[in-house]
$ cat my_file-v1.cif   # mmCIF, C-alpha atoms
data_input
#
loop_
_atom_site.label_atom_id
_atom_site.label_comp_id
_atom_site.auth_asym_id
_atom_site.auth_seq_id
_atom_site.Cartn_x
_atom_site.Cartn_y
_atom_site.Cartn_z
CA MET A 1 3.65 2.24 51.57
CA LYS A 2 2.55 1.69 47.96
CA PHE A 3 0.37 4.54 46.80
CA LYS A 4 -2.78 4.15 44.68
CA PHE A 5 -1.79 7.18 42.60
CA THR A 6 1.22 8.16 40.50
CA LYS A 7 0.66 11.69 39.13
CA VAL A 8 0.03 14.43 41.67
CA LEU A 9 -0.32 18.20 41.49
CA VAL A 10 0.81 19.94 44.68
CA THR A 11 -0.03 23.63 44.95
CA GLY A 12 2.09 25.61 47.39
CA ALA A 13 4.96 23.19 46.75
CA ALA A 14 7.55 25.68 48.05
CA GLY A 15 5.65 26.09 51.30
CA PHE A 16 6.26 24.28 54.56
CA ILE A 17 3.73 21.46 54.18
CA GLY A 18 3.91 21.46 50.38
CA TYR A 19 7.66 20.88 50.43
CA HIS A 20 7.45 17.97 52.86
CA LEU A 21 4.54 16.37 51.00
CA SER A 22 6.28 16.70 47.63
CA LYS A 23 9.46 15.15 49.03
CA ARG A 24 7.55 12.21 50.51
CA LEU A 25 5.70 11.57 47.23
CA LEU A 26 8.86 11.85 45.13
CA GLN A 27 10.73 9.44 47.38
CA ASN A 28 7.92 6.94 46.80
CA GLY A 29 8.16 7.21 43.03
CA CYS A 30 5.27 9.55 42.30
CA HIS A 31 5.47 12.14 39.54
CA VAL A 32 4.90 15.49 41.23
CA THR A 33 4.07 18.75 39.51
CA GLY A 34 4.58 21.60 41.95
CA ILE A 35 3.32 25.14 41.62
CA ASP A 36 3.82 28.15 43.88
CA ASN A 37 3.73 31.92 43.43
CA LEU A 38 6.72 32.39 45.77
CA ASN A 39 5.12 35.44 47.34
CA PRO A 40 7.13 37.49 49.87
CA TYR A 41 4.81 36.99 52.88
CA TYR A 42 7.92 35.47 54.46
CA ASP A 43 11.53 35.03 53.35
CA VAL A 44 11.50 33.84 49.72
CA ARG A 45 15.03 32.48 50.21
CA LEU A 46 13.62 29.80 52.51
CA LYS A 47 11.08 28.84 49.85
CA ALA A 48 13.84 28.69 47.24
CA ALA A 49 15.95 26.52 49.54
CA ARG A 50 13.06 24.07 49.90
CA LEU A 51 12.70 23.91 46.12
CA ASP A 52 16.44 23.29 45.80
CA LYS A 53 15.89 20.09 47.80
CA LEU A 54 13.18 18.94 45.37
CA THR A 55 14.63 19.83 41.96
CA PRO A 56 17.21 16.97 41.91
CA PHE A 57 14.33 14.49 41.66
CA GLU A 58 13.80 13.54 38.01
CA ASN A 59 10.10 13.01 38.65
CA PHE A 60 9.58 16.60 39.86
CA SER A 61 8.62 19.61 37.77
CA PHE A 62 7.91 23.11 39.04
CA SER A 63 6.21 26.21 37.68
CA LYS A 64 5.90 29.61 39.29
CA ILE A 65 2.16 30.18 39.05
CA ASP A 66 -0.38 32.14 41.04
CA LEU A 67 -3.74 30.46 41.70
CA SER A 68 -5.43 33.69 40.66
CA ASP A 69 -4.18 33.12 37.07
CA PRO A 70 -6.76 30.77 35.53
CA LYS A 71 -5.04 30.52 32.13
CA ALA A 72 -1.75 29.36 33.65
CA LEU A 73 -3.59 26.83 35.80
CA GLU A 74 -5.54 25.52 32.82
CA LYS A 75 -2.28 24.87 30.98
CA ILE A 76 -0.82 22.91 33.91
CA PHE A 77 -3.95 20.78 34.09
CA GLY A 78 -3.97 20.35 30.33
CA ASP A 79 -0.38 19.12 30.21
CA THR A 80 -0.86 16.24 32.70
CA GLN A 81 -3.80 14.07 33.72
CA PHE A 82 -3.39 14.14 37.49
CA ASP A 83 -4.67 11.33 39.70
CA VAL A 84 -4.87 13.57 42.75
CA VAL A 85 -4.69 17.32 43.29
CA VAL A 86 -3.52 18.55 46.71
CA ASN A 87 -4.23 22.23 47.27
CA LEU A 88 -1.90 23.63 49.93
CA ALA A 89 -1.39 27.07 48.38
CA ALA A 90 -2.96 29.83 50.44
CA GLN A 91 -2.30 33.14 52.06
CA ALA A 92 -1.46 31.92 55.55
CA GLY A 93 -1.50 33.63 58.92
CA VAL A 94 -4.32 34.69 61.24
CA ARG A 95 -2.82 38.00 62.30
CA TYR A 96 -1.81 39.14 58.81
CA SER A 97 -5.44 38.75 57.69
CA LEU A 98 -6.28 41.76 59.87
CA GLU A 99 -3.74 43.86 57.94
CA ASN A 100 -4.17 42.68 54.35
CA PRO A 101 -7.60 41.10 53.87
CA GLN A 102 -7.52 41.36 50.08
CA ALA A 103 -4.60 38.94 49.87
CA TYR A 104 -6.80 36.30 51.53
CA VAL A 105 -9.71 36.91 49.18
CA ASP A 106 -7.44 36.67 46.11
CA ALA A 107 -5.50 33.56 47.10
CA ASN A 108 -7.84 31.61 49.34
CA ILE A 109 -11.18 32.26 47.67
CA ALA A 110 -10.64 33.37 44.06
CA GLY A 111 -7.65 31.04 43.73
CA PHE A 112 -9.58 28.10 45.13
CA VAL A 113 -12.43 28.65 42.64
CA ASN A 114 -9.87 28.35 39.85
CA ILE A 115 -8.60 25.06 41.32
CA LEU A 116 -12.15 23.72 41.57
CA GLU A 117 -12.91 24.71 37.98
CA CYS A 118 -9.77 23.01 36.68
CA CYS A 119 -10.61 19.86 38.64
CA ARG A 120 -14.15 19.95 37.27
CA TYR A 121 -13.13 20.20 33.62
CA ASN A 122 -10.19 17.78 33.81
CA ASP A 123 -11.88 14.78 35.39
CA ILE A 124 -9.79 14.89 38.58
CA GLN A 125 -10.57 11.84 40.70
CA HIS A 126 -9.77 13.37 44.09
CA LEU A 127 -9.15 16.90 45.36
CA VAL A 128 -7.52 17.09 48.78
CA PHE A 129 -7.34 20.60 50.21
CA ALA A 130 -5.94 22.28 53.29
CA SER A 131 -8.38 23.73 55.75
CA SER A 132 -7.41 24.80 59.26
CA SER A 133 -8.19 24.31 62.93
CA SER A 134 -8.92 28.05 62.93
CA VAL A 135 -12.38 27.33 61.46
CA TYR A 136 -13.50 26.28 64.95
CA GLY A 137 -13.34 29.95 65.92
CA ALA A 138 -15.49 30.74 68.93
CA ASN A 139 -16.26 27.06 69.63
CA THR A 140 -15.32 26.01 73.15
CA LYS A 141 -16.50 22.37 73.31
CA MET A 142 -13.36 20.24 73.39
CA PRO A 143 -11.99 18.32 71.64
CA PHE A 144 -12.95 20.01 68.36
CA SER A 145 -14.83 17.55 66.17
CA VAL A 146 -15.49 17.69 62.43
CA HIS A 147 -19.09 16.92 63.36
CA HIS A 148 -19.43 20.20 65.27
CA ASN A 149 -20.92 23.29 63.65
CA VAL A 150 -18.24 25.85 62.68
CA ASP A 151 -20.18 28.99 61.83
CA HIS A 152 -18.41 31.45 64.12
CA PRO A 153 -14.89 32.19 62.81
CA VAL A 154 -12.92 34.91 64.59
CA SER A 155 -10.51 35.87 61.78
CA LEU A 156 -10.83 36.46 58.05
CA TYR A 157 -8.26 33.72 57.49
CA ALA A 158 -10.55 31.26 59.27
CA ALA A 159 -13.54 32.52 57.28
CA THR A 160 -11.72 31.89 53.98
CA LYS A 161 -10.89 28.33 55.05
CA LYS A 162 -14.53 27.67 55.98
CA THR A 163 -15.43 29.15 52.59
CA ASN A 164 -13.13 26.60 50.91
CA GLU A 165 -14.99 23.79 52.64
CA LEU A 166 -18.35 25.13 51.48
CA MET A 167 -17.16 25.68 47.91
CA ALA A 168 -15.71 22.16 47.72
CA HIS A 169 -18.97 20.67 48.94
CA THR A 170 -20.85 22.58 46.26
CA TYR A 171 -18.60 21.21 43.52
CA SER A 172 -18.96 17.72 44.92
CA HIS A 173 -22.76 18.10 44.88
CA LEU A 174 -22.99 19.67 41.43
CA PHE A 175 -20.25 17.89 39.51
CA GLY A 176 -19.43 14.73 41.48
CA LEU A 177 -15.93 15.96 42.37
CA ALA A 178 -14.56 13.89 45.27
CA CYS A 179 -13.27 16.38 47.85
CA THR A 180 -11.50 15.87 51.17
CA GLY A 181 -10.72 18.82 53.44
CA LEU A 182 -8.00 18.59 56.09
CA ARG A 183 -8.10 20.79 59.16
CA PHE A 184 -4.47 21.04 60.23
CA PHE A 185 -3.67 21.79 63.87
CA THR A 186 -0.60 24.02 64.51
CA VAL A 187 1.95 22.32 62.29
CA TYR A 188 5.62 22.59 63.29
CA GLY A 189 8.96 21.05 62.42
CA PRO A 190 12.10 21.50 60.27
CA TRP A 191 11.72 23.91 57.32
CA GLY A 192 8.77 25.54 59.12
CA ARG A 193 7.29 28.99 58.61
CA PRO A 194 9.22 31.95 60.07
CA ASP A 195 5.99 33.61 61.27
CA MET A 196 5.12 30.72 63.58
CA ALA A 197 5.77 30.76 67.32
CA LEU A 198 8.39 28.00 67.35
CA PHE A 199 10.50 29.82 64.76
CA LEU A 200 10.11 33.21 66.45
CA PHE A 201 10.80 31.87 69.95
CA THR A 202 13.85 29.86 68.90
CA ARG A 203 15.48 32.77 67.11
CA ALA A 204 14.72 35.22 69.92
CA ILE A 205 16.13 32.93 72.62
CA LEU A 206 19.30 32.28 70.61
CA GLU A 207 19.74 36.03 70.11
CA GLU A 208 18.93 36.80 73.77
CA GLN A 209 15.84 38.78 72.81
CA SER A 210 12.54 38.64 74.69
CA ILE A 211 9.68 36.51 73.41
CA LYS A 212 6.04 37.67 73.31
CA VAL A 213 3.83 35.38 75.36
CA PHE A 214 0.22 36.13 74.48
CA ASN A 215 -2.78 35.72 76.77
CA HIS A 216 -0.21 35.78 79.59
CA GLY A 217 0.71 32.18 78.76
CA ARG A 218 -2.81 30.85 79.25
CA MET A 219 -2.92 29.21 75.82
CA GLN A 220 -3.16 25.62 74.64
CA ARG A 221 -2.30 24.36 71.18
CA ASP A 222 -2.56 20.91 69.63
CA PHE A 223 0.94 21.09 68.14
CA THR A 224 1.32 18.55 65.32
CA TYR A 225 4.69 17.48 63.96
CA ILE A 226 5.15 17.79 60.20
CA ASP A 227 5.88 14.08 59.60
CA ASP A 228 2.56 13.19 61.24
CA ILE A 229 0.75 15.72 59.06
CA ILE A 230 2.31 14.25 55.91
CA GLU A 231 1.47 10.67 56.91
CA GLY A 232 -2.14 11.71 57.39
CA VAL A 233 -2.25 13.53 54.06
CA VAL A 234 -0.84 10.67 51.98
CA ARG A 235 -3.21 8.17 53.57
CA VAL A 236 -6.20 10.39 52.85
CA MET A 237 -5.02 10.98 49.27
CA GLY A 238 -5.40 7.28 48.53
CA GLN A 239 -8.94 7.07 49.86
CA ARG A 240 -11.65 8.93 47.97
CA PRO A 241 -14.54 9.89 50.23
CA GLU A 242 -17.74 7.89 49.95
CA PRO A 243 -21.22 9.34 50.46
CA ASN A 244 -22.54 8.91 53.99
CA PRO A 245 -25.70 6.77 53.63
CA THR A 246 -27.05 7.95 57.00
CA TRP A 247 -26.65 11.68 56.24
CA SER A 248 -29.89 13.57 56.75
CA GLY A 249 -30.90 17.10 55.90
CA ASP A 250 -33.10 17.10 59.00
CA ASN A 251 -29.96 16.81 61.15
CA PRO A 252 -27.05 17.65 58.82
CA ASP A 253 -23.61 16.34 59.81
CA PRO A 254 -21.02 19.05 58.95
CA GLY A 255 -18.15 16.56 58.59
CA THR A 256 -19.71 14.25 55.98
CA SER A 257 -22.29 14.44 53.20
CA TYR A 258 -24.66 12.57 50.90
CA THR A 259 -22.06 13.27 48.20
CA ARG A 260 -18.33 12.48 47.88
CA TYR A 261 -17.18 14.95 50.50
CA LYS A 262 -15.41 14.50 53.84
CA ILE A 263 -13.58 16.59 56.44
CA TYR A 264 -10.82 15.34 58.74
CA ASN A 265 -8.90 16.87 61.61
CA ILE A 266 -5.18 16.12 61.58
CA GLY A 267 -3.85 16.98 65.01
CA ASN A 268 -1.82 15.41 67.76
CA ASN A 269 -4.94 14.91 69.92
CA ASN A 270 -2.94 16.27 72.86
CA PRO A 271 -3.13 20.00 73.65
CA VAL A 272 0.02 21.48 75.18
CA GLU A 273 0.19 24.48 77.50
CA LEU A 274 2.07 27.39 75.92
CA MET A 275 4.40 27.62 78.91
CA ASP A 276 5.25 23.90 78.57
CA PHE A 277 5.92 24.47 74.87
CA ILE A 278 8.31 27.30 75.71
CA ALA A 279 10.01 25.13 78.35
CA ALA A 280 10.59 22.41 75.73
CA ILE A 281 12.28 24.98 73.45
CA GLU A 282 14.42 26.19 76.35
CA ASP A 283 15.47 22.62 77.14
CA ALA A 284 16.34 21.90 73.50
CA LEU A 285 18.42 25.07 73.29
CA GLY A 286 19.92 24.86 76.76
CA ARG A 287 18.93 28.49 77.35
CA ARG A 288 16.22 30.37 79.22
CA ALA A 289 13.80 32.74 77.51
CA LYS A 290 13.16 36.34 78.44
CA LYS A 291 9.36 36.54 78.48
CA GLU A 292 7.10 39.51 77.76
CA PHE A 293 3.54 38.66 78.82
CA LEU A 294 0.80 40.24 76.69
CA ASP A 295 -2.98 40.07 76.18
CA LEU A 296 -4.67 37.71 73.71
CA GLN A 297 -4.35 39.07 70.19
CA PRO A 298 -7.38 39.79 67.97
CA GLY A 299 -8.23 36.75 65.85
CA ASP A 300 -6.51 34.28 68.19
CA VAL A 301 -8.27 31.60 70.20
CA PRO A 302 -7.13 30.46 73.65
CA ALA A 303 -7.11 26.71 72.93
CA THR A 304 -7.22 24.06 70.20
CA TYR A 305 -7.67 20.31 70.61
CA ALA A 306 -8.33 17.87 67.76
CA ASP A 307 -10.77 14.98 67.83
CA ILE A 308 -9.18 12.56 65.35
CA ASP A 309 -11.51 9.57 65.71
CA ASP A 310 -12.58 9.75 62.05
CA LEU A 311 -8.97 9.84 60.82
CA ILE A 312 -8.09 6.79 62.92
CA GLU A 313 -11.19 4.86 61.84
CA ASP A 314 -10.98 5.65 58.11
CA VAL A 315 -7.24 5.57 57.36
CA GLY A 316 -5.79 3.86 60.43
CA PHE A 317 -3.44 6.61 61.51
CA LYS A 318 -2.95 8.51 64.77
CA PRO A 319 -0.25 11.22 65.05
CA GLY A 320 2.09 10.54 67.92
CA THR A 321 5.30 12.59 67.79
CA SER A 322 5.91 14.18 71.19
CA ILE A 323 6.58 17.88 71.60
CA ASP A 324 10.02 17.19 73.07
CA THR A 325 11.05 15.03 70.10
CA GLY A 326 9.60 17.37 67.50
CA ILE A 327 11.15 20.51 68.99
CA GLN A 328 14.56 18.86 69.29
CA ARG A 329 14.43 17.99 65.59
CA PHE A 330 13.37 21.52 64.69
CA VAL A 331 16.10 23.13 66.80
CA ALA A 332 18.75 20.88 65.25
CA TRP A 333 17.60 21.92 61.75
CA PHE A 334 17.30 25.60 62.69
CA LYS A 335 20.80 25.83 64.14
CA GLU A 336 22.29 24.05 61.14
CA TYR A 337 20.35 26.03 58.51
CA TYR A 338 20.97 29.44 60.08
CA LYS A 339 24.49 28.51 61.24
CA TYR A 340 24.05 29.07 64.97
CA GLN A 341 26.72 27.53 67.20
#
$ encode --input "my_file-v1.cif" --output "C-alpha cells"
Amino acid sequence: MKFKFTKVLVTGAAGFIGYHLSKRLLQNGCHVTGIDNLNPYYDVRLKAARLDKLTPFENFSFSKIDLSDPKALEKIFGDTQFDVVVNLAAQAGVRYSLENPQAYVDANIAGFVNILECCRYNDIQHLVFASSSSVYGANTKMPFSVHHNVDHPVSLYAATKKTNELMAHTYSHLFGLACTGLRFFTVYGPWGRPDMALFLFTRAILEEQSIKVFNHGRMQRDFTYIDDIIEGVVRVMGQRPEPNPTWSGDNPDPGTSYTRYKIYNIGNNNPVELMDFIAAIEDALGRRAKKEFLDLQPGDVPATYADIDDLIEDVGFKPGTSIDTGIQRFVAWFKEYYKYQ
C-alpha cells in the first residue's frame, strides 16, 4: 500500500500499538518520529525491547518525552512538519484508574490538550487518536455503534477517553483541525501488554498457577488482533474526515459532525466467550488452566461487540484474524521472548 503521507509523529511509540504502527510505517518508507515517556506502569524492559526493534531503521527517531511537558512537545513539532499525528500515548488500564486517578488526568487529559495545541499551531493536516471500546460503558445495545450515545462510562479511564473525543471535536470546530478517533476493541498479539488477560493467562498456565476468571466466566470480548488494528489505523490515517452534510443539531449523530471529525470502531465484529478464549490459550499451550472464578470487577463491563460498518464503508477494511490464529502467534512469541520451553 502506498501511503498519502511521509512524515508521521507517533506518540506512545514504545507501547504495544505504537510499536507495531511505527514498524509498519517504517517498513513502508515513512519517516517516523516516536515519543514515549517510558513510564513504569508495566515492565519498562519490554518497552525498551520494542524500541530496540525500531532503532535500526534510518528513518526513525525517538525522544523520551512526556505529553504533560508542553515545551518538549513544542520543540518536536517545531523540528518537523508532520503530515499526520497519531496519538497513542495514554495511561492505560481500566482497573488501575481506580487506584491512581491522577495519572489518567495528567496523561489522558492534560497531555491530550498539549497535543491538540501543538496540532493547532503547527498546521497539522490530520490528528488520529486512540479512544477505546470502554467509552460504551453501561450501554447494552449490541453491537456497539459509533452512532450510539456514550454518556455513561463506568471507569475513569473510559471517562478520559470520552473526554478526548469531546476535546478533539472542539478543536475541529474552533480551528478546523481534522480529527479521527479510533475506538479499539481488546487488542491482543505479540509484544502485547503484560496487564492484559492473554498475557496474564499464558504466563500463569505455563507456571502452573491459577488464573482469575471474572464474572464467573460470563464475559464476552471482541478480541482484535494487532495486525488488524494496524491495518485499520493506516487506512484511516490516509483519509481525512469530511463534514457530514446531513448532520443536524436537532438529532445529533455522535459518530460524525458538521466539521472535520469522525469516530470509528476497530474491532473484530465477533465477540468471543471468555471460556472459549481460555480454551484457545490452553490448546495453543497444550496445557489446562487452573481456574479461580470471581465476581465482575468494578469498572469492567460484561460484554463488548463492535459495529464496524463505517470502517468497512469508508476505508474498505474488515478485521478478520481468528482467535485461534492470533493466540497461536502470541504464544509462539511469548515462549520465545521469555524463553519458555
$ closest_atom_pairs --input "my_file-v1.cif" --of "stretch 45-140 of chain A" --to "stretch 7-24 of chain A" --cutoff "12 Å" --atoms "only C-alpha atoms" --output "JSON lines"
{"residue": "A:Arg45", "atom": "CA", "partner": "A:Ala14", "partner_atom": "CA", "distance": 10.3}
{"residue": "A:Leu46", "atom": "CA", "partner": "A:Ala14", "partner_atom": "CA", "distance": 8.6}
{"residue": "A:Lys47", "atom": "CA", "partner": "A:Ala14", "partner_atom": "CA", "distance": 5.1}
{"residue": "A:Ala48", "atom": "CA", "partner": "A:Ala14", "partner_atom": "CA", "distance": 7.0}
{"residue": "A:Ala49", "atom": "CA", "partner": "A:Ala14", "partner_atom": "CA", "distance": 8.6}
{"residue": "A:Arg50", "atom": "CA", "partner": "A:Ala14", "partner_atom": "CA", "distance": 6.0}
{"residue": "A:Leu51", "atom": "CA", "partner": "A:Ala14", "partner_atom": "CA", "distance": 5.8}
{"residue": "A:Asp52", "atom": "CA", "partner": "A:Ala14", "partner_atom": "CA", "distance": 9.5}
{"residue": "A:Lys53", "atom": "CA", "partner": "A:Lys23", "partner_atom": "CA", "distance": 8.2}
{"residue": "A:Leu54", "atom": "CA", "partner": "A:Lys23", "partner_atom": "CA", "distance": 6.4}
{"residue": "A:Thr55", "atom": "CA", "partner": "A:Lys23", "partner_atom": "CA", "distance": 9.9}
{"residue": "A:Pro56", "atom": "CA", "partner": "A:Lys23", "partner_atom": "CA", "distance": 10.7}
{"residue": "A:Phe57", "atom": "CA", "partner": "A:Lys23", "partner_atom": "CA", "distance": 8.9}
{"residue": "A:Glu58", "atom": "CA", "partner": "A:Lys23", "partner_atom": "CA", "distance": 12.0}
{"residue": "A:Asn59", "atom": "CA", "partner": "A:Lys7", "partner_atom": "CA", "distance": 9.5}
{"residue": "A:Phe60", "atom": "CA", "partner": "A:Ser22", "partner_atom": "CA", "distance": 8.4}
{"residue": "A:Ser61", "atom": "CA", "partner": "A:Leu9", "partner_atom": "CA", "distance": 9.8}
{"residue": "A:Phe62", "atom": "CA", "partner": "A:Ala13", "partner_atom": "CA", "distance": 8.3}
{"residue": "A:Ser63", "atom": "CA", "partner": "A:Ala13", "partner_atom": "CA", "distance": 9.6}
{"residue": "A:Lys64", "atom": "CA", "partner": "A:Ala14", "partner_atom": "CA", "distance": 9.7}
{"residue": "A:Ile65", "atom": "CA", "partner": "A:Thr11", "partner_atom": "CA", "distance": 9.1}
{"residue": "A:Asp66", "atom": "CA", "partner": "A:Thr11", "partner_atom": "CA", "distance": 9.4}
{"residue": "A:Leu67", "atom": "CA", "partner": "A:Thr11", "partner_atom": "CA", "distance": 8.4}
{"residue": "A:Leu73", "atom": "CA", "partner": "A:Thr11", "partner_atom": "CA", "distance": 10.3}
{"residue": "A:Ile76", "atom": "CA", "partner": "A:Leu9", "partner_atom": "CA", "distance": 8.9}
{"residue": "A:Phe77", "atom": "CA", "partner": "A:Leu9", "partner_atom": "CA", "distance": 8.6}
{"residue": "A:Gly78", "atom": "CA", "partner": "A:Leu9", "partner_atom": "CA", "distance": 11.9}
{"residue": "A:Asp79", "atom": "CA", "partner": "A:Leu9", "partner_atom": "CA", "distance": 11.3}
{"residue": "A:Thr80", "atom": "CA", "partner": "A:Lys7", "partner_atom": "CA", "distance": 8.0}
{"residue": "A:Gln81", "atom": "CA", "partner": "A:Lys7", "partner_atom": "CA", "distance": 7.4}
{"residue": "A:Phe82", "atom": "CA", "partner": "A:Lys7", "partner_atom": "CA", "distance": 5.0}
{"residue": "A:Asp83", "atom": "CA", "partner": "A:Lys7", "partner_atom": "CA", "distance": 5.4}
{"residue": "A:Val84", "atom": "CA", "partner": "A:Val8", "partner_atom": "CA", "distance": 5.1}
{"residue": "A:Val85", "atom": "CA", "partner": "A:Leu9", "partner_atom": "CA", "distance": 4.8}
{"residue": "A:Val86", "atom": "CA", "partner": "A:Val10", "partner_atom": "CA", "distance": 5.0}
{"residue": "A:Asn87", "atom": "CA", "partner": "A:Thr11", "partner_atom": "CA", "distance": 5.0}
{"residue": "A:Leu88", "atom": "CA", "partner": "A:Gly12", "partner_atom": "CA", "distance": 5.1}
{"residue": "A:Ala89", "atom": "CA", "partner": "A:Gly12", "partner_atom": "CA", "distance": 3.9}
{"residue": "A:Ala90", "atom": "CA", "partner": "A:Gly12", "partner_atom": "CA", "distance": 7.3}
{"residue": "A:Gln91", "atom": "CA", "partner": "A:Gly12", "partner_atom": "CA", "distance": 9.9}
{"residue": "A:Ala92", "atom": "CA", "partner": "A:Gly15", "partner_atom": "CA", "distance": 10.1}
{"residue": "A:Ala107", "atom": "CA", "partner": "A:Gly12", "partner_atom": "CA", "distance": 11.0}
{"residue": "A:Asn108", "atom": "CA", "partner": "A:Gly12", "partner_atom": "CA", "distance": 11.8}
{"residue": "A:Gly111", "atom": "CA", "partner": "A:Thr11", "partner_atom": "CA", "distance": 10.7}
{"residue": "A:Phe112", "atom": "CA", "partner": "A:Thr11", "partner_atom": "CA", "distance": 10.5}
{"residue": "A:Ile115", "atom": "CA", "partner": "A:Thr11", "partner_atom": "CA", "distance": 9.4}
{"residue": "A:Cys118", "atom": "CA", "partner": "A:Leu9", "partner_atom": "CA", "distance": 11.6}
{"residue": "A:Cys119", "atom": "CA", "partner": "A:Leu9", "partner_atom": "CA", "distance": 10.8}
{"residue": "A:Ile124", "atom": "CA", "partner": "A:Val8", "partner_atom": "CA", "distance": 10.3}
{"residue": "A:Gln125", "atom": "CA", "partner": "A:Val8", "partner_atom": "CA", "distance": 11.0}
{"residue": "A:His126", "atom": "CA", "partner": "A:Val8", "partner_atom": "CA", "distance": 10.1}
{"residue": "A:Leu127", "atom": "CA", "partner": "A:Leu9", "partner_atom": "CA", "distance": 9.7}
{"residue": "A:Val128", "atom": "CA", "partner": "A:Val10", "partner_atom": "CA", "distance": 9.7}
{"residue": "A:Phe129", "atom": "CA", "partner": "A:Thr11", "partner_atom": "CA", "distance": 9.5}
{"residue": "A:Ala130", "atom": "CA", "partner": "A:Ile17", "partner_atom": "CA", "distance": 9.7}
$ resolve_selection --input "my_file-v1.cif" --expression "the PyMOL selection byres ((chain A and resi 211) around 10)" --output "ChimeraX atom specification"
/A:197,200-205,208-210,212-214,278,289-293
$ closest_residue --input "my_file-v1.cif" --among "A:Ala280, A:Val154, A:Val146, A:Met237" --to "A:Val315" --atoms "all atoms listed in the file"
A:Met237
$ closest_residue --input "my_file-v1.cif" --among "A:Gln297, A:Ser131, A:Thr304, A:Asn265" --to "A:Phe317" --atoms "all atoms listed in the file"
A:Asn265
$ resolve_selection --input "my_file-v1.cif" --expression "the PyMOL selection byres ((chain A and resi 253-255) around 9)" --output "list in words"
Ser145, Val146, His147, His148, Asn149, Val150, Trp247, Ser248, Gly249, Asn251, Pro252, Thr256, Ser257, Tyr261, Lys262, Ile263 and Tyr264 of chain A
$ write_last_selection --input "my_file-v1.cif" --atoms "C-alpha atoms" --output "compact mmCIF listing (two decimals), in the frame of the given file"
# COMPACT_ATOMS: atom_id res chain seq x y z
CA SER A 145 -14.83 17.55 66.17
CA VAL A 146 -15.49 17.69 62.43
CA HIS A 147 -19.09 16.92 63.36
CA HIS A 148 -19.43 20.20 65.27
CA ASN A 149 -20.92 23.29 63.65
CA VAL A 150 -18.24 25.85 62.68
CA TRP A 247 -26.65 11.68 56.24
CA SER A 248 -29.89 13.57 56.75
CA GLY A 249 -30.90 17.10 55.90
CA ASN A 251 -29.96 16.81 61.15
CA PRO A 252 -27.05 17.65 58.82
CA THR A 256 -19.71 14.25 55.98
CA SER A 257 -22.29 14.44 53.20
CA TYR A 261 -17.18 14.95 50.50
CA LYS A 262 -15.41 14.50 53.84
CA ILE A 263 -13.58 16.59 56.44
CA TYR A 264 -10.82 15.34 58.74
$ closest_residue --input "my_file-v1.cif" --among "A:Val234, A:Ala158, A:Leu116, A:Ala103" --to "A:Ser133" --atoms "only C-alpha atoms"
A:Ala158
$ residues_near_point --input "my_file-v1.cif" --point "(0.4, 21.4, 74.1)" --cutoff "7 Å" --atoms "only C-alpha atoms" --output "list in words"
Gln220, Arg221, Asp222, Phe223, Asn270, Pro271, Val272, Glu273, Leu274 and Phe277 of chain A
$ closest_residue --input "my_file-v1.cif" --among "A:Asn39, A:Ser68, A:Asn269, A:Ser97" --to "A:Leu156" --atoms "only C-alpha atoms"
A:Ser97
$ closest_residue --input "my_file-v1.cif" --among "A:Asn164, A:Thr321, A:Thr180, A:Gln27" --to "A:Ile229" --atoms "only C-alpha atoms"
A:Thr321
$ atom_distance --input "my_file-v1.cif" --atom1 "atom CA of A:Gly326" --atom2 "atom CA of A:Leu296"
25.6 Å
$ residues_near_point --input "my_file-v1.cif" --point "(-11.0, 28.4, 57.4)" --cutoff "8 Å" --atoms "all atoms listed in the file" --output "JSON, numbers by chain"
{"A": [131, 132, 133, 134, 135, 153, 157, 158, 159, 160, 161, 162, 163, 164, 165]}
$ atom_distance --input "my_file-v1.cif" --atom1 "atom CA of A:Glu74" --atom2 "atom CA of A:Tyr171"
17.4 Å
